[in-house]
Amino acid sequence: MERTLASVHITPKGERALRGGHPWVYDAEVTDITGAPADGDVVDIFTGKDRWLGAGFYNSRSKIRVRCFSRNANDRFDESFWRRALAYAVDYRAAVLDAADFRCCRLIFGEADRFPGLTVDRFEDILVTETLSLGMERIKPMLFPALIDILRERGVAVRAVYERNESALREKEGMARGKGFFCGEGDGHVEICENGIFYDVDYISGQKTGFFLDQKFNRRAIRQIASGRRVLDCFTHTGAFGLNAAAGGAKHVTSVDVSADALAQAGRNAVRNGLEGKIDFLCADVFDLLTELGGKGGRGQYDFIILDPPAFTKSGATVKSAFRGYKEINRRAMQLLPRGGFLATCSCSHFMTDALFRDMLRQAASDAAVDLRQIEARQQGPDHPILWNVPETDYLKFYIFQVV
């Protein structure tokens, strides 16, 4: 897709953001549009004084009016341009991950890889994609085959590409929602191995793309602490943290989730890895369970609690209520742990910033009348790279503490 003759001029505020490295131009920051661009077209971005700033995908229906992906005035947005960008993203993963981790990783992480609104996860020989911007939607018939070719050059034979385009965000971009095979075929399941543990990934019906790859190294980090301990794994989903705790030598693990279907999958994963005798699966609401355990004088029943909740907030408007939710589960967990017990806790919402999360933990510890000894502060894996000037790419906070 080449540039059109269209362009947008933006406000000084928009200019400052763009020059600072943030790739989005919001509708309120556009002062003038020339050339009548169609939605999904590539447009040039200018300051109010006609200084060129970059180029990006235009969409009149989106609150994000332009998604900038190039700051080089000499770029030509043909297939070669996008192929180089894809190869750059793949080469980066191959550089920061070992061969085993490269087999299951995030290959494209949206704006962090200069592919606005595009996610591509690799599960062995299956690629699972999500496309949330109209510009990417228009060029995906060229992008996905190019990505398959790049992987083939690395000795990876892709069996199928499956699209998970169910998010309501697509409608805000003027796109229909749906899912299905872009190419290839399969039964919707693929077995992966992460940290030496095998999982059956349901890439058609599972959450998001079928498996949460961003916690890979955090799951590995809890193994040593879990050894010999009684572990309560909350919001287990398909069992990943609990399985890592059991594989790390936990005395016993209780994995909890509100979804019976997720727990059934977790149980199958436990059997696949020969860990079924070390894990109990409990279908319950974690908030209710922690309250019940506290009411029964359950302090000391577990000496390692893992909290891996879903995002409690997906917008700035609900941050305060999310803060209360995070505080409540962390306070209850801290009160259940004995002195010397361990807590792993996280948030996967970028609206719940690290500063807010740390403040929440301080308040929760104060209310629980405990002190926290920090062992590790971690984030998402390097295959989900963080651009410092794009706070939306910095979303996962993961802490391990000892209660003292």
# chains A, B, ... in the order shown; residues from 1 in each chain; ligands from 1
call {"tool": "residues_around", "arguments": {"residues": "His350 of chain A", "least_positions_apart": "4", "cutoff": "10 Å", "atoms": "only C-alpha atoms", "output": "JSON, numbers by chain"}}
result
{"A": [311, 313, 314, 315, 316, 354, 391, 392, 393, 394, 395, 396, 397]}
call {"tool": "residues_around", "arguments": {"residues": "Leu5 of chain A", "least_positions_apart": "5", "cutoff": "12 Å", "atoms": "only C-alpha atoms", "output": "PyMOL selection string"}}
result
chain A and resi 33-38+41-45+55
call {"tool": "select_by_dssp", "arguments": {"residues": "segment 190-269 of chain A", "states": "alpha helix (DSSP H)", "output": "list in words"}}
result
Lys216, Phe217, Asn218, Arg219, Arg220, Ala221, Arg223, Gln224, Ile225, Ala226, Ala240, Phe241, Gly242, Leu243, Asn244, Ala245, Ala246, Ala247, Ala260, Asp261, Ala262, Leu263, Ala264, Gln265, Ala266, Gly267, Arg268 and Asn269 of chain A
call {"tool": "closest_residue", "arguments": {"among": "A:Asp101, A:Trp52, A:Met175, A:Ala94", "to": "Thr131 of chain A", "atoms": "only C-alpha atoms"}}
result
A:Met175
call {"tool": "residues_around", "arguments": {"residues": "Arg114 of chain A", "least_positions_apart": "3", "cutoff": "7 Å", "atoms": "only C-alpha atoms", "output": "PyMOL selection string"}}
result
chain A and resi 69+110-111
call {"tool": "write_last_selection", "arguments": {"atoms": "N, CA and C atoms", "output": "tab-separated table (two decimals), in the first residue's frame"}}
result
chain	number	residue	atom	x	y	z
A	69	PHE	N	3.10	4.68	11.74
A	69	PHE	CA	4.00	3.53	11.75
A	69	PHE	C	5.33	3.82	11.07
A	110	GLY	N	1.71	-5.55	18.04
A	110	GLY	CA	1.09	-4.28	17.71
A	110	GLY	C	2.06	-3.13	17.54
A	111	GLU	N	1.74	-2.03	18.22
A	111	GLU	CA	2.52	-0.80	18.10
A	111	GLU	C	3.97	-0.98	18.51
call {"tool": "residues_around", "arguments": {"residues": "Val161 of chain A", "least_positions_apart": "5", "cutoff": "9 Å", "atoms": "only C-alpha atoms", "output": "PyMOL selection string"}}
result
chain A and resi 125-129+144+148+180-185
call {"tool": "closest_residue", "arguments": {"among": "A:Leu336, A:His384, A:Ala112, A:Phe357", "to": "Ala369 of chain A", "atoms": "only C-alpha atoms"}}
result
A:Leu336
call {"tool": "closest_residue", "arguments": {"among": "A:Asn269, A:Gln335, A:Gln374, A:Thr345", "to": "Met360 of chain A", "atoms": "only C-alpha atoms"}}
result
A:Thr345
call {"tool": "residues_around", "arguments": {"residues": "segment 226-237 of chain A", "least_positions_apart": "3", "cutoff": "8 Å", "atoms": "only C-alpha atoms", "output": "ChimeraX atom specification"}}
result
/A:222-223,240-242,245-246,248-259,262-263,266,286,301-310
call {"tool": "closest_residue", "arguments": {"among": "A:Asn165, A:Ser70, A:Thr291, A:Thr31", "to": "Ile204 of chain A", "atoms": "only C-alpha atoms"}}
result
A:Asn165
call {"tool": "atom_distance", "arguments": {"atom1": "atom CA of Phe342 of chain A", "atom2": "atom CA of Phe401 of chain A"}}
result
5.6 Å
call {"tool": "select_by_dssp", "arguments": {"residues": "segment 94-158 of chain A", "states": "strand (DSSP E)", "output": "PDB file with N, CA, C and O atoms, in the first residue's frame"}}
result
ATOM      1  N   CYS A 104       6.990 -21.056  20.841  1.00  0.00           N
ATOM      2  CA  CYS A 104       5.698 -20.543  21.307  1.00  0.00           C
ATOM      3  C   CYS A 104       5.940 -19.148  21.864  1.00  0.00           C
ATOM      4  O   CYS A 104       6.468 -19.006  22.972  1.00  0.00           O
ATOM      5  N   CYS A 105       5.570 -18.134  21.101  1.00  0.00           N
ATOM      6  CA  CYS A 105       5.856 -16.773  21.524  1.00  0.00           C
ATOM      7  C   CYS A 105       4.970 -15.805  20.752  1.00  0.00           C
ATOM      8  O   CYS A 105       4.294 -16.179  19.795  1.00  0.00           O
ATOM      9  N   ARG A 106       4.991 -14.557  21.174  1.00  0.00           N
ATOM     10  CA  ARG A 106       4.306 -13.495  20.430  1.00  0.00           C
ATOM     11  C   ARG A 106       5.264 -12.975  19.366  1.00  0.00           C
ATOM     12  O   ARG A 106       6.319 -12.422  19.683  1.00  0.00           O
ATOM     13  N   LEU A 107       4.885 -13.145  18.115  1.00  0.00           N
ATOM     14  CA  LEU A 107       5.732 -12.710  17.008  1.00  0.00           C
ATOM     15  C   LEU A 107       5.521 -11.250  16.654  1.00  0.00           C
ATOM     16  O   LEU A 107       6.462 -10.567  16.243  1.00  0.00           O
ATOM     17  N   ILE A 108       4.283 -10.775  16.772  1.00  0.00           N
ATOM     18  CA  ILE A 108       3.966  -9.377  16.480  1.00  0.00           C
ATOM     19  C   ILE A 108       3.163  -8.821  17.639  1.00  0.00           C
ATOM     20  O   ILE A 108       2.111  -9.366  18.002  1.00  0.00           O
ATOM     21  N   PHE A 109       3.645  -7.718  18.216  1.00  0.00           N
ATOM     22  CA  PHE A 109       2.987  -7.094  19.365  1.00  0.00           C
ATOM     23  C   PHE A 109       2.586  -5.658  19.019  1.00  0.00           C
ATOM     24  O   PHE A 109       3.079  -4.697  19.584  1.00  0.00           O
ATOM     25  N   LEU A 118      -2.134  -5.027  15.416  1.00  0.00           N
ATOM     26  CA  LEU A 118      -1.970  -6.408  14.964  1.00  0.00           C
ATOM     27  C   LEU A 118      -1.240  -7.239  16.021  1.00  0.00           C
ATOM     28  O   LEU A 118      -0.202  -6.839  16.535  1.00  0.00           O
ATOM     29  N   THR A 119      -1.811  -8.404  16.320  1.00  0.00           N
ATOM     30  CA  THR A 119      -1.183  -9.379  17.205  1.00  0.00           C
ATOM     31  C   THR A 119      -1.023 -10.687  16.445  1.00  0.00           C
ATOM     32  O   THR A 119      -1.953 -11.132  15.768  1.00  0.00           O
ATOM     33  N   VAL A 120       0.148 -11.293  16.554  1.00  0.00           N
ATOM     34  CA  VAL A 120       0.374 -12.623  16.001  1.00  0.00           C
ATOM     35  C   VAL A 120       1.098 -13.460  17.046  1.00  0.00           C
ATOM     36  O   VAL A 120       2.199 -13.101  17.472  1.00  0.00           O
ATOM     37  N   ASP A 121       0.465 -14.563  17.468  1.00  0.00           N
ATOM     38  CA  ASP A 121       1.079 -15.501  18.397  1.00  0.00           C
ATOM     39  C   ASP A 121       1.427 -16.788  17.665  1.00  0.00           C
ATOM     40  O   ASP A 121       0.643 -17.278  16.828  1.00  0.00           O
ATOM     41  N   ARG A 122       2.584 -17.324  17.992  1.00  0.00           N
ATOM     42  CA  ARG A 122       2.994 -18.605  17.425  1.00  0.00           C
ATOM     43  C   ARG A 122       2.827 -19.712  18.451  1.00  0.00           C
ATOM     44  O   ARG A 122       3.357 -19.618  19.565  1.00  0.00           O
ATOM     45  N   PHE A 123       2.093 -20.749  18.099  1.00  0.00           N
ATOM     46  CA  PHE A 123       1.982 -21.964  18.883  1.00  0.00           C
ATOM     47  C   PHE A 123       2.474 -23.115  18.002  1.00  0.00           C
ATOM     48  O   PHE A 123       1.706 -23.678  17.216  1.00  0.00           O
ATOM     49  N   ILE A 126       1.197 -23.388  14.363  1.00  0.00           N
ATOM     50  CA  ILE A 126      -0.042 -22.617  14.202  1.00  0.00           C
ATOM     51  C   ILE A 126       0.223 -21.152  14.546  1.00  0.00           C
ATOM     52  O   ILE A 126       0.830 -20.849  15.575  1.00  0.00           O
ATOM     53  N   LEU A 127      -0.224 -20.237  13.684  1.00  0.00           N
ATOM     54  CA  LEU A 127      -0.196 -18.814  13.995  1.00  0.00           C
ATOM     55  C   LEU A 127      -1.621 -18.365  14.277  1.00  0.00           C
ATOM     56  O   LEU A 127      -2.547 -18.685  13.517  1.00  0.00           O
ATOM     57  N   VAL A 128      -1.805 -17.622  15.369  1.00  0.00           N
ATOM     58  CA  VAL A 128      -3.116 -17.092  15.734  1.00  0.00           C
ATOM     59  C   VAL A 128      -3.010 -15.573  15.741  1.00  0.00           C
ATOM     60  O   VAL A 128      -2.111 -15.005  16.375  1.00  0.00           O
ATOM     61  N   THR A 129      -3.911 -14.924  15.016  1.00  0.00           N
ATOM     62  CA  THR A 129      -3.820 -13.472  14.829  1.00  0.00           C
ATOM     63  C   THR A 129      -5.054 -12.755  15.355  1.00  0.00           C
ATOM     64  O   THR A 129      -6.141 -13.337  15.452  1.00  0.00           O
ATOM     65  N   GLU A 130      -4.858 -11.495  15.682  1.00  0.00           N
ATOM     66  CA  GLU A 130      -5.965 -10.580  15.986  1.00  0.00           C
ATOM     67  C   GLU A 130      -5.643  -9.255  15.313  1.00  0.00           C
ATOM     68  O   GLU A 130      -4.555  -8.710  15.504  1.00  0.00           O
ATOM     69  N   THR A 131      -6.597  -8.735  14.550  1.00  0.00           N
ATOM     70  CA  THR A 131      -6.395  -7.490  13.806  1.00  0.00           C
ATOM     71  C   THR A 131      -7.412  -6.465  14.287  1.00  0.00           C
ATOM     72  O   THR A 131      -8.621  -6.664  14.130  1.00  0.00           O
TER      73      THR A 131
END
call {"tool": "atom_distance", "arguments": {"atom1": "atom CA of Asp200 of chain A", "atom2": "atom CA of Arg268 of chain A"}}
result
8.2 Å
call {"tool": "decode", "arguments": {"residues": "segment 144-251 of chain A", "atoms": "C-alpha atoms", "output": "tab-separated table (two decimals), in the first residue's frame"}}
result
chain	number	residue	atom	x	y	z
A	144	PHE	CA	0.36	-13.16	6.53
A	145	PRO	CA	1.82	-15.01	3.51
A	146	ALA	CA	4.99	-12.91	3.86
A	147	LEU	CA	5.27	-13.90	7.52
A	148	ILE	CA	4.83	-17.56	6.60
A	149	ASP	CA	7.66	-17.20	4.06
A	150	ILE	CA	9.96	-15.54	6.62
A	151	LEU	CA	9.35	-18.35	9.10
A	152	ARG	CA	9.87	-20.96	6.40
A	153	GLU	CA	13.30	-19.46	5.77
A	154	ARG	CA	14.04	-20.18	9.44
A	155	GLY	CA	12.94	-23.79	9.07
A	156	VAL	CA	9.45	-23.26	10.51
A	157	ALA	CA	6.64	-24.82	8.47
A	158	VAL	CA	3.36	-23.06	9.34
A	159	ARG	CA	0.39	-25.42	9.15
A	160	ALA	CA	-2.36	-22.82	9.54
A	161	VAL	CA	-3.14	-19.20	10.35
A	162	TYR	CA	-6.24	-18.72	12.47
A	163	GLU	CA	-7.87	-15.31	13.00
A	164	ARG	CA	-9.44	-14.37	16.36
A	165	ASN	CA	-11.18	-11.13	15.40
A	166	GLU	CA	-13.96	-11.16	18.00
A	167	SER	CA	-13.14	-7.96	19.89
A	168	ALA	CA	-15.72	-5.18	20.01
A	169	LEU	CA	-12.87	-2.77	19.19
A	170	ARG	CA	-13.14	-3.89	15.57
A	171	GLU	CA	-16.60	-2.34	15.31
A	172	LYS	CA	-15.17	1.01	16.40
A	173	GLU	CA	-12.81	0.75	13.44
A	174	GLY	CA	-15.66	-0.09	11.06
A	175	MET	CA	-14.89	-3.81	10.81
A	176	ALA	CA	-17.04	-6.88	11.38
A	177	ARG	CA	-16.26	-9.33	14.18
A	178	GLY	CA	-15.59	-13.00	13.58
A	179	LYS	CA	-13.07	-15.81	13.55
A	180	GLY	CA	-11.85	-18.48	11.17
A	181	PHE	CA	-8.92	-19.87	9.23
A	182	PHE	CA	-7.06	-17.40	7.05
A	183	CYS	CA	-5.20	-20.32	5.51
A	184	GLY	CA	-4.60	-23.98	6.28
A	185	GLU	CA	-6.79	-26.09	8.50
A	186	GLY	CA	-6.85	-27.79	11.89
A	187	ASP	CA	-9.09	-29.10	14.65
A	188	GLY	CA	-8.54	-26.06	16.88
A	189	HIS	CA	-6.04	-27.74	19.20
A	190	VAL	CA	-2.26	-27.77	19.26
A	191	GLU	CA	0.08	-29.07	21.93
A	192	ILE	CA	2.83	-26.76	23.12
A	193	CYS	CA	5.64	-27.14	25.63
A	194	GLU	CA	6.49	-24.18	27.88
A	195	ASN	CA	9.02	-24.43	30.69
A	196	GLY	CA	9.01	-28.20	30.15
A	197	ILE	CA	5.25	-28.45	30.71
A	198	PHE	CA	2.87	-29.58	27.98
A	199	TYR	CA	-0.41	-27.77	27.32
A	200	ASP	CA	-3.27	-28.35	24.96
A	201	VAL	CA	-4.00	-24.94	23.42
A	202	ASP	CA	-7.54	-24.41	22.17
A	203	TYR	CA	-6.88	-21.63	19.69
A	204	ILE	CA	-10.47	-21.50	18.41
A	205	SER	CA	-12.44	-21.30	21.67
A	206	GLY	CA	-9.83	-20.45	24.31
A	207	GLN	CA	-9.46	-16.95	25.75
A	208	LYS	CA	-7.71	-14.37	23.58
A	209	THR	CA	-5.49	-16.31	21.16
A	210	GLY	CA	-5.81	-19.51	23.21
A	211	PHE	CA	-2.98	-19.19	25.74
A	212	PHE	CA	-1.39	-16.37	27.75
A	213	LEU	CA	2.22	-16.28	26.60
A	214	ASP	CA	3.20	-13.11	28.47
A	215	GLN	CA	3.58	-14.86	31.85
A	216	LYS	CA	5.99	-17.52	30.59
A	217	PHE	CA	9.04	-16.39	32.54
A	218	ASN	CA	7.02	-15.35	35.59
A	219	ARG	CA	5.62	-18.87	35.79
A	220	ARG	CA	9.18	-20.17	35.68
A	221	ALA	CA	10.18	-17.76	38.46
A	222	ILE	CA	7.77	-19.20	41.05
A	223	ARG	CA	9.05	-22.77	40.83
A	224	GLN	CA	11.88	-22.60	43.34
A	225	ILE	CA	9.73	-20.86	45.94
A	226	ALA	CA	6.93	-23.40	45.45
A	227	SER	CA	9.22	-26.32	46.33
A	228	GLY	CA	7.97	-28.08	49.46
A	229	ARG	CA	5.14	-25.60	50.01
A	230	ARG	CA	1.34	-25.70	50.01
A	231	VAL	CA	0.27	-23.48	47.15
A	232	LEU	CA	-3.04	-21.73	46.46
A	233	ASP	CA	-3.16	-20.80	42.76
A	234	CYS	CA	-5.96	-18.26	42.24
A	235	PHE	CA	-7.52	-17.46	38.84
A	236	THR	CA	-5.69	-20.48	37.45
A	237	HIS	CA	-7.52	-20.52	34.07
A	238	THR	CA	-6.02	-23.59	32.34
A	239	GLY	CA	-3.62	-24.27	35.20
A	240	ALA	CA	-0.29	-22.78	34.14
A	241	PHE	CA	0.94	-21.33	37.44
A	242	GLY	CA	-0.31	-24.32	39.41
A	243	LEU	CA	1.37	-26.76	37.03
A	244	ASN	CA	4.66	-24.88	37.34
A	245	ALA	CA	4.36	-24.92	41.13
A	246	ALA	CA	3.70	-28.68	41.10
A	247	ALA	CA	6.57	-29.27	38.68
A	248	GLY	CA	8.78	-27.21	40.98
A	249	GLY	CA	8.18	-29.63	43.84
A	250	ALA	CA	5.25	-28.09	45.73
A	251	LYS	CA	3.93	-30.25	48.57
